[in-house]
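Working notes, structure below.
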Amino acid sequence: MIKNAICEEYSMKVPVFAFTHSPDVVIAVSNAGGMGVLGASGMTPEEFDRAMQKITEACPGKSFGVDLILPNKYVGMEEGGLTLEALQKHIPQGHKDFLNHLLEDYEVSEIEDRQKADSLTSKAGSSVSLSGARALVNVAFNYPIKLLVNALGIFPAEFRERAHAQGIKIGALVGQVKHALKQKEAGVDIVIAQGYEAGGHTGDIANTVLVPQVVDAVAPIPVIMAGGVADGRQIAAAMALGAQGVWTGSVWLMTEESETHPVVKKKFAQATSADTLRSRSSTGKHARQLKSAWTDAWEDPKNPDPLPMPLHSLLISEAKQRIEEDALKGKKGATELVNYFIGQNVGMLTEERPAAEVLNKLVKEYETVMEKLGKTGSPSR
């Protein structure tokens with residue numbers, strides 16, 4: 001086992017944090033000794049509450065956390081978030097026309113479930129805002145979470161104060177040293193240094209360069225390494241760089257319990273590490289994801305630029321649902337368009353496995369590496 005101070009602090013057997021949108025992955029990882037961290041952004045408070053009930057009941061006495069997206073800059077920030085109707089008015093007609101033409105070109109079917117589509121659109125417009133995050137935090141604090149993390153930006157003082165009053169730790173993902181220093185000043189308990197390799201929202205500095213600098217900059221606050229971890233050798237590397245654990249995400253997308261679309265899983269299994277890119281095409285902020293006809297279209301300089309958060313998610317929410325529904329039916333156009341967030345470690349994710357098995361494999365690989373290093377001894381003279 002990889003027992004260290006982080007494990008003691010967060011009541012874990014191994015210092016592996018598993019970010020996921022799947023409650024079932026959270027349950028599997030937390031019960032196996034790591035910490036599952038549920039990505040709550042994109043859920044309604046009611047959906048989030050049901051997910052937290054499920055996790056709490058399935059993980060008695062185990063450690064789990066929650067991840068939110070509350071950026072330092074978004075449309076409607078001055079008001080703490082705008083209504084759906086107000087946000088819709090900020091979306092240019094040219095973007096709507098471009099998206100409609102794109103779906104027509106790839107022969108994507110019209111929406112089947114209008115009620116579901118309207119619900120997704122509503123969530124896309126409300127989840128990225130202070131008011132939206134506050135609603136989710138109000139739910140989270142009703143459950144025995146160990147950690148509350150912001151994936152983009154600094155939490156308001158009210159969140160930190162409420163968390164600390166309940167014995168809940170605050171974490172933050174950062175992609176630059178200056179961001180880490182701001183989080184330290186804001187009073188976070190743990191810093192997740194996320195490198196260029198990572199899936200989802202990430203910066204442009206590789207973690208082998210980023211992590212040592214962040215470790216030095218925020219000491220004595222513990223640092224966790226994120227970005228591209230899919231093997232125990234990378235956990236050993238993280239420890240060598242000064243991190244006290246790893247934050248993982250992409251590796252769980254190929255597990256049996258994941259939320260990944262079946263067609264996307266097949267694409268992941270066939271992809272190489274060169275088949276991802278950082279693109280604004282899915283959220284309006286740069287996020288690493290699988291290349292597809294969708295990213296090709298939005299990256300083409302002849303086409304409109306993606307909109308800022310949360311407008312882009314609001315614009316594309318129904319289109320994404322239509323694409324996913326058609327891809328399930330095997331339709332060619334939708335299959336070419338469909339994609340998802342994934343790190344450069346996609347080239348290492350070739351088969352589907354149970355989440356607990358993935359965690360155990362990571363730990364065993366780490367132990368094997370450390371054993372080999374221990375036998376290396378001092379260099380001969």
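Note on naming: chains are A, B, ... as they come in the structure tokens, residues start from 1 per chain, ligands start from 1 in the order shown.
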Give me, as a Markdown table, the closest atom pair and its distance (Å, one decimal) for every residue of region 162-267 of chain A within a cut-off of 12 Å of region 132-140 of chain A, counting only C-alpha atoms, rows sorted by chain and rising number.
```
| residue | atom | partner | partner_atom | distance |
| --- | --- | --- | --- | --- |
| A:Arg162 | CA | A:Val137 | CA | 9.5 |
| A:Ala163 | CA | A:Val137 | CA | 9.3 |
| A:Gln166 | CA | A:Ala140 | CA | 11.3 |
| A:Ile168 | CA | A:Ala140 | CA | 10.5 |
```
Write a file of the just-selected residues containing C-alpha atoms, as a PDB file, in the first residue's frame.
```
ATOM      1  CA  ARG A 162     -18.712  26.738   5.820  1.00  0.00           C
ATOM      2  CA  ALA A 163     -16.537  23.807   4.784  1.00  0.00           C
ATOM      3  CA  GLN A 166     -17.832  21.245   9.214  1.00  0.00           C
ATOM      4  CA  ILE A 168     -14.379  19.566   5.270  1.00  0.00           C
TER       5      ILE A 168
END
```
- line: Using only C-alpha atoms, the shortest atom-to-atom distance to Gly80 (chain A) among A:Glu8, A:Pro156, A:Asn100, A:Leu373 belongs to A:Pro156
Using DSSP on the backbone coordinates, identify the residues of region 128-342 of chain A assigned to strand (DSSP E); present them as a short mmCIF file (atom, residue, chain, number, x, y, z; two decimals) with C-alpha atoms, in the first residue's frame.
```
data_model
loop_
_atom_site.label_atom_id
_atom_site.label_comp_id
_atom_site.auth_asym_id
_atom_site.auth_seq_id
_atom_site.Cartn_x
_atom_site.Cartn_y
_atom_site.Cartn_z
CA LEU A 147 -13.21 17.30 0.31
CA LEU A 148 -14.74 20.09 -1.78
CA VAL A 149 -12.78 21.07 -4.89
CA ASN A 150 -13.05 23.90 -7.42
CA LYS A 169 -11.16 20.31 3.39
CA ILE A 170 -11.01 22.66 0.39
CA GLY A 171 -9.00 21.86 -2.73
CA ALA A 172 -8.32 23.54 -6.05
CA LEU A 173 -6.93 22.57 -9.44
CA VAL A 174 -4.23 24.85 -10.83
CA ILE A 190 -4.74 20.95 -0.80
CA VAL A 191 -3.51 22.00 -4.24
CA ILE A 192 -3.98 19.80 -7.31
CA ALA A 193 -1.32 20.69 -9.88
CA GLN A 194 -2.79 19.71 -13.23
CA GLY A 200 -10.92 18.32 -19.45
CA HIS A 201 -10.06 21.89 -18.50
CA VAL A 223 0.23 18.98 -3.55
CA ILE A 224 -1.45 16.30 -5.65
CA MET A 225 -0.37 15.67 -9.25
CA ALA A 226 -3.00 15.53 -11.99
CA VAL A 246 -2.42 11.69 -7.68
CA TRP A 247 -5.65 13.11 -9.06
CA THR A 248 -7.01 10.86 -11.78
CA THR A 276 -6.56 14.53 -28.34
CA LEU A 277 -6.42 18.32 -28.36
CA ARG A 278 -7.17 21.29 -26.13
CA SER A 279 -10.25 22.89 -27.61
CA ALA A 287 -10.46 21.47 -22.42
CA ARG A 288 -8.56 18.42 -23.62
CA GLN A 289 -10.83 16.00 -25.47
CA LEU A 290 -10.88 13.43 -28.24
#
```
So which bits of region 232-352 of chain A end up helix (DSSP H, G or I) when you DSSP the backbone, as a PDB file with C-alpha atoms, in the first residue's frame?
```
ATOM      1  CA  GLY A 232       1.575   2.982 -11.209  1.00  0.00           C
ATOM      2  CA  ARG A 233       4.850   4.187 -12.707  1.00  0.00           C
ATOM      3  CA  GLN A 234       3.296   7.622 -13.009  1.00  0.00           C
ATOM      4  CA  ILE A 235       2.287   7.554  -9.354  1.00  0.00           C
ATOM      5  CA  ALA A 236       5.924   6.868  -8.476  1.00  0.00           C
ATOM      6  CA  ALA A 237       6.930   9.771 -10.709  1.00  0.00           C
ATOM      7  CA  ALA A 238       4.455  12.042  -8.945  1.00  0.00           C
ATOM      8  CA  MET A 239       5.959  11.167  -5.583  1.00  0.00           C
ATOM      9  CA  ALA A 240       9.460  11.788  -6.930  1.00  0.00           C
ATOM     10  CA  SER A 250      -9.438   9.822 -17.690  1.00  0.00           C
ATOM     11  CA  VAL A 251      -8.438   6.381 -16.430  1.00  0.00           C
ATOM     12  CA  TRP A 252     -11.958   5.890 -15.014  1.00  0.00           C
ATOM     13  CA  LEU A 253     -13.669   6.669 -18.322  1.00  0.00           C
ATOM     14  CA  MET A 254     -12.851   3.178 -19.580  1.00  0.00           C
ATOM     15  CA  PRO A 262     -20.504   3.322 -25.647  1.00  0.00           C
ATOM     16  CA  VAL A 263     -19.401   4.670 -29.026  1.00  0.00           C
ATOM     17  CA  VAL A 264     -16.926   7.015 -27.356  1.00  0.00           C
ATOM     18  CA  LYS A 265     -15.522   4.094 -25.350  1.00  0.00           C
ATOM     19  CA  LYS A 266     -14.799   2.298 -28.593  1.00  0.00           C
ATOM     20  CA  LYS A 267     -13.102   5.415 -29.928  1.00  0.00           C
ATOM     21  CA  PHE A 268     -10.995   5.687 -26.767  1.00  0.00           C
ATOM     22  CA  ALA A 269      -9.884   2.072 -27.067  1.00  0.00           C
ATOM     23  CA  GLN A 270      -8.632   2.713 -30.605  1.00  0.00           C
ATOM     24  CA  ALA A 293     -15.537  16.022 -36.620  1.00  0.00           C
ATOM     25  CA  TRP A 294     -17.034  18.170 -33.832  1.00  0.00           C
ATOM     26  CA  THR A 295     -13.682  19.614 -32.774  1.00  0.00           C
ATOM     27  CA  ASP A 296     -12.597  19.947 -36.409  1.00  0.00           C
ATOM     28  CA  ALA A 297     -15.606  22.144 -37.132  1.00  0.00           C
ATOM     29  CA  TRP A 298     -15.161  24.441 -34.151  1.00  0.00           C
ATOM     30  CA  GLU A 299     -11.392  24.725 -34.632  1.00  0.00           C
ATOM     31  CA  LEU A 311     -23.024  30.372 -23.161  1.00  0.00           C
ATOM     32  CA  HIS A 312     -21.277  27.696 -25.200  1.00  0.00           C
ATOM     33  CA  SER A 313     -22.632  24.846 -23.086  1.00  0.00           C
ATOM     34  CA  LEU A 314     -26.072  26.391 -23.348  1.00  0.00           C
ATOM     35  CA  LEU A 315     -25.748  26.683 -27.135  1.00  0.00           C
ATOM     36  CA  ILE A 316     -24.673  23.085 -27.743  1.00  0.00           C
ATOM     37  CA  SER A 317     -26.519  21.113 -25.052  1.00  0.00           C
ATOM     38  CA  GLU A 318     -29.372  19.965 -27.294  1.00  0.00           C
ATOM     39  CA  ALA A 319     -27.018  19.319 -30.232  1.00  0.00           C
ATOM     40  CA  LYS A 320     -24.856  17.084 -28.049  1.00  0.00           C
ATOM     41  CA  GLN A 321     -27.882  15.059 -26.994  1.00  0.00           C
ATOM     42  CA  ARG A 322     -28.989  14.616 -30.592  1.00  0.00           C
ATOM     43  CA  ILE A 323     -25.508  13.487 -31.598  1.00  0.00           C
ATOM     44  CA  GLU A 324     -25.281  10.982 -28.742  1.00  0.00           C
ATOM     45  CA  GLU A 325     -28.705   9.517 -29.505  1.00  0.00           C
ATOM     46  CA  ASP A 326     -27.858   9.068 -33.185  1.00  0.00           C
ATOM     47  CA  ALA A 327     -24.436   7.602 -32.381  1.00  0.00           C
ATOM     48  CA  LEU A 328     -26.121   4.935 -30.249  1.00  0.00           C
ATOM     49  CA  LYS A 332     -22.425   7.623 -39.501  1.00  0.00           C
ATOM     50  CA  GLY A 333     -22.573  11.400 -39.114  1.00  0.00           C
ATOM     51  CA  ALA A 334     -23.174  11.344 -35.382  1.00  0.00           C
ATOM     52  CA  THR A 335     -20.487   8.699 -34.891  1.00  0.00           C
ATOM     53  CA  GLU A 336     -17.993  11.002 -36.581  1.00  0.00           C
ATOM     54  CA  LEU A 337     -19.054  13.948 -34.418  1.00  0.00           C
ATOM     55  CA  GLN A 344      -3.244  12.155 -23.431  1.00  0.00           C
ATOM     56  CA  ASN A 345      -3.139   8.887 -21.507  1.00  0.00           C
ATOM     57  CA  VAL A 346      -5.949   7.669 -23.779  1.00  0.00           C
ATOM     58  CA  GLY A 347      -3.254   5.730 -25.645  1.00  0.00           C
ATOM     59  CA  MET A 348      -2.849   3.619 -22.497  1.00  0.00           C
TER      60      MET A 348
END
```
field: Selected residue of minimal separation from Val29 (chain A) among A:Glu185, A:Asp275, A:Asp300, A:Glu257, counting only C-alpha atoms
entry: A:Glu257
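Note that the spacing between CA of Ala219 (chain A) and CA of Ala180 (chain A) amounts to 10.5 Å.
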task: Give me the residues within 10 Å of Leu307 (chain A) as a PyMOL selection string, counting only C-alpha atoms and dropping any in the same chain fewer than 5 places off.
output: chain A and resi 75+90-92+95+280-285+312-315
Would you put the residues from that selection into a file with N, CA and C atoms, as a PDB file, in the first residue's frame?
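This is the output file selection00.pdb:
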```
ATOM      1  N   VAL A  75     -20.018  34.723 -18.027  1.00  0.00           N
ATOM      2  CA  VAL A  75     -21.087  35.654 -18.389  1.00  0.00           C
ATOM      3  C   VAL A  75     -22.145  35.665 -17.292  1.00  0.00           C
ATOM      4  N   HIS A  90     -27.756  36.387 -25.056  1.00  0.00           N
ATOM      5  CA  HIS A  90     -26.343  36.659 -25.323  1.00  0.00           C
ATOM      6  C   HIS A  90     -25.781  35.773 -26.439  1.00  0.00           C
ATOM      7  N   ILE A  91     -26.551  34.806 -26.903  1.00  0.00           N
ATOM      8  CA  ILE A  91     -26.061  33.876 -27.933  1.00  0.00           C
ATOM      9  C   ILE A  91     -26.349  34.456 -29.316  1.00  0.00           C
ATOM     10  N   PRO A  92     -25.331  34.736 -30.116  1.00  0.00           N
ATOM     11  CA  PRO A  92     -25.541  35.320 -31.446  1.00  0.00           C
ATOM     12  C   PRO A  92     -26.287  34.356 -32.373  1.00  0.00           C
ATOM     13  N   HIS A  95     -24.118  31.928 -34.446  1.00  0.00           N
ATOM     14  CA  HIS A  95     -23.680  30.678 -33.827  1.00  0.00           C
ATOM     15  C   HIS A  95     -24.770  29.618 -33.919  1.00  0.00           C
ATOM     16  N   ARG A 280     -11.843  24.664 -27.230  1.00  0.00           N
ATOM     17  CA  ARG A 280     -12.946  25.343 -26.549  1.00  0.00           C
ATOM     18  C   ARG A 280     -14.302  24.823 -27.019  1.00  0.00           C
ATOM     19  N   SER A 281     -14.308  23.815 -27.852  1.00  0.00           N
ATOM     20  CA  SER A 281     -15.517  23.398 -28.552  1.00  0.00           C
ATOM     21  C   SER A 281     -16.580  22.731 -27.686  1.00  0.00           C
ATOM     22  N   SER A 282     -16.259  22.376 -26.449  1.00  0.00           N
ATOM     23  CA  SER A 282     -17.235  21.669 -25.617  1.00  0.00           C
ATOM     24  C   SER A 282     -17.753  22.473 -24.434  1.00  0.00           C
ATOM     25  N   THR A 283     -16.987  23.481 -23.989  1.00  0.00           N
ATOM     26  CA  THR A 283     -17.445  24.265 -22.834  1.00  0.00           C
ATOM     27  C   THR A 283     -17.242  25.766 -23.020  1.00  0.00           C
ATOM     28  N   GLY A 284     -16.461  26.171 -24.003  1.00  0.00           N
ATOM     29  CA  GLY A 284     -16.112  27.572 -24.148  1.00  0.00           C
ATOM     30  C   GLY A 284     -14.751  27.896 -23.563  1.00  0.00           C
ATOM     31  N   LYS A 285     -14.194  27.003 -22.727  1.00  0.00           N
ATOM     32  CA  LYS A 285     -12.830  27.125 -22.222  1.00  0.00           C
ATOM     33  C   LYS A 285     -12.016  25.960 -22.751  1.00  0.00           C
ATOM     34  N   HIS A 312     -21.547  28.754 -24.226  1.00  0.00           N
ATOM     35  CA  HIS A 312     -21.277  27.696 -25.200  1.00  0.00           C
ATOM     36  C   HIS A 312     -21.991  26.400 -24.816  1.00  0.00           C
ATOM     37  N   SER A 313     -21.930  26.053 -23.537  1.00  0.00           N
ATOM     38  CA  SER A 313     -22.632  24.846 -23.086  1.00  0.00           C
ATOM     39  C   SER A 313     -24.134  24.960 -23.323  1.00  0.00           C
ATOM     40  N   LEU A 314     -24.650  26.151 -23.111  1.00  0.00           N
ATOM     41  CA  LEU A 314     -26.072  26.391 -23.348  1.00  0.00           C
ATOM     42  C   LEU A 314     -26.400  26.235 -24.830  1.00  0.00           C
ATOM     43  N   LEU A 315     -25.543  26.766 -25.683  1.00  0.00           N
ATOM     44  CA  LEU A 315     -25.748  26.683 -27.135  1.00  0.00           C
ATOM     45  C   LEU A 315     -25.787  25.240 -27.623  1.00  0.00           C
TER      46      LEU A 315
END
```
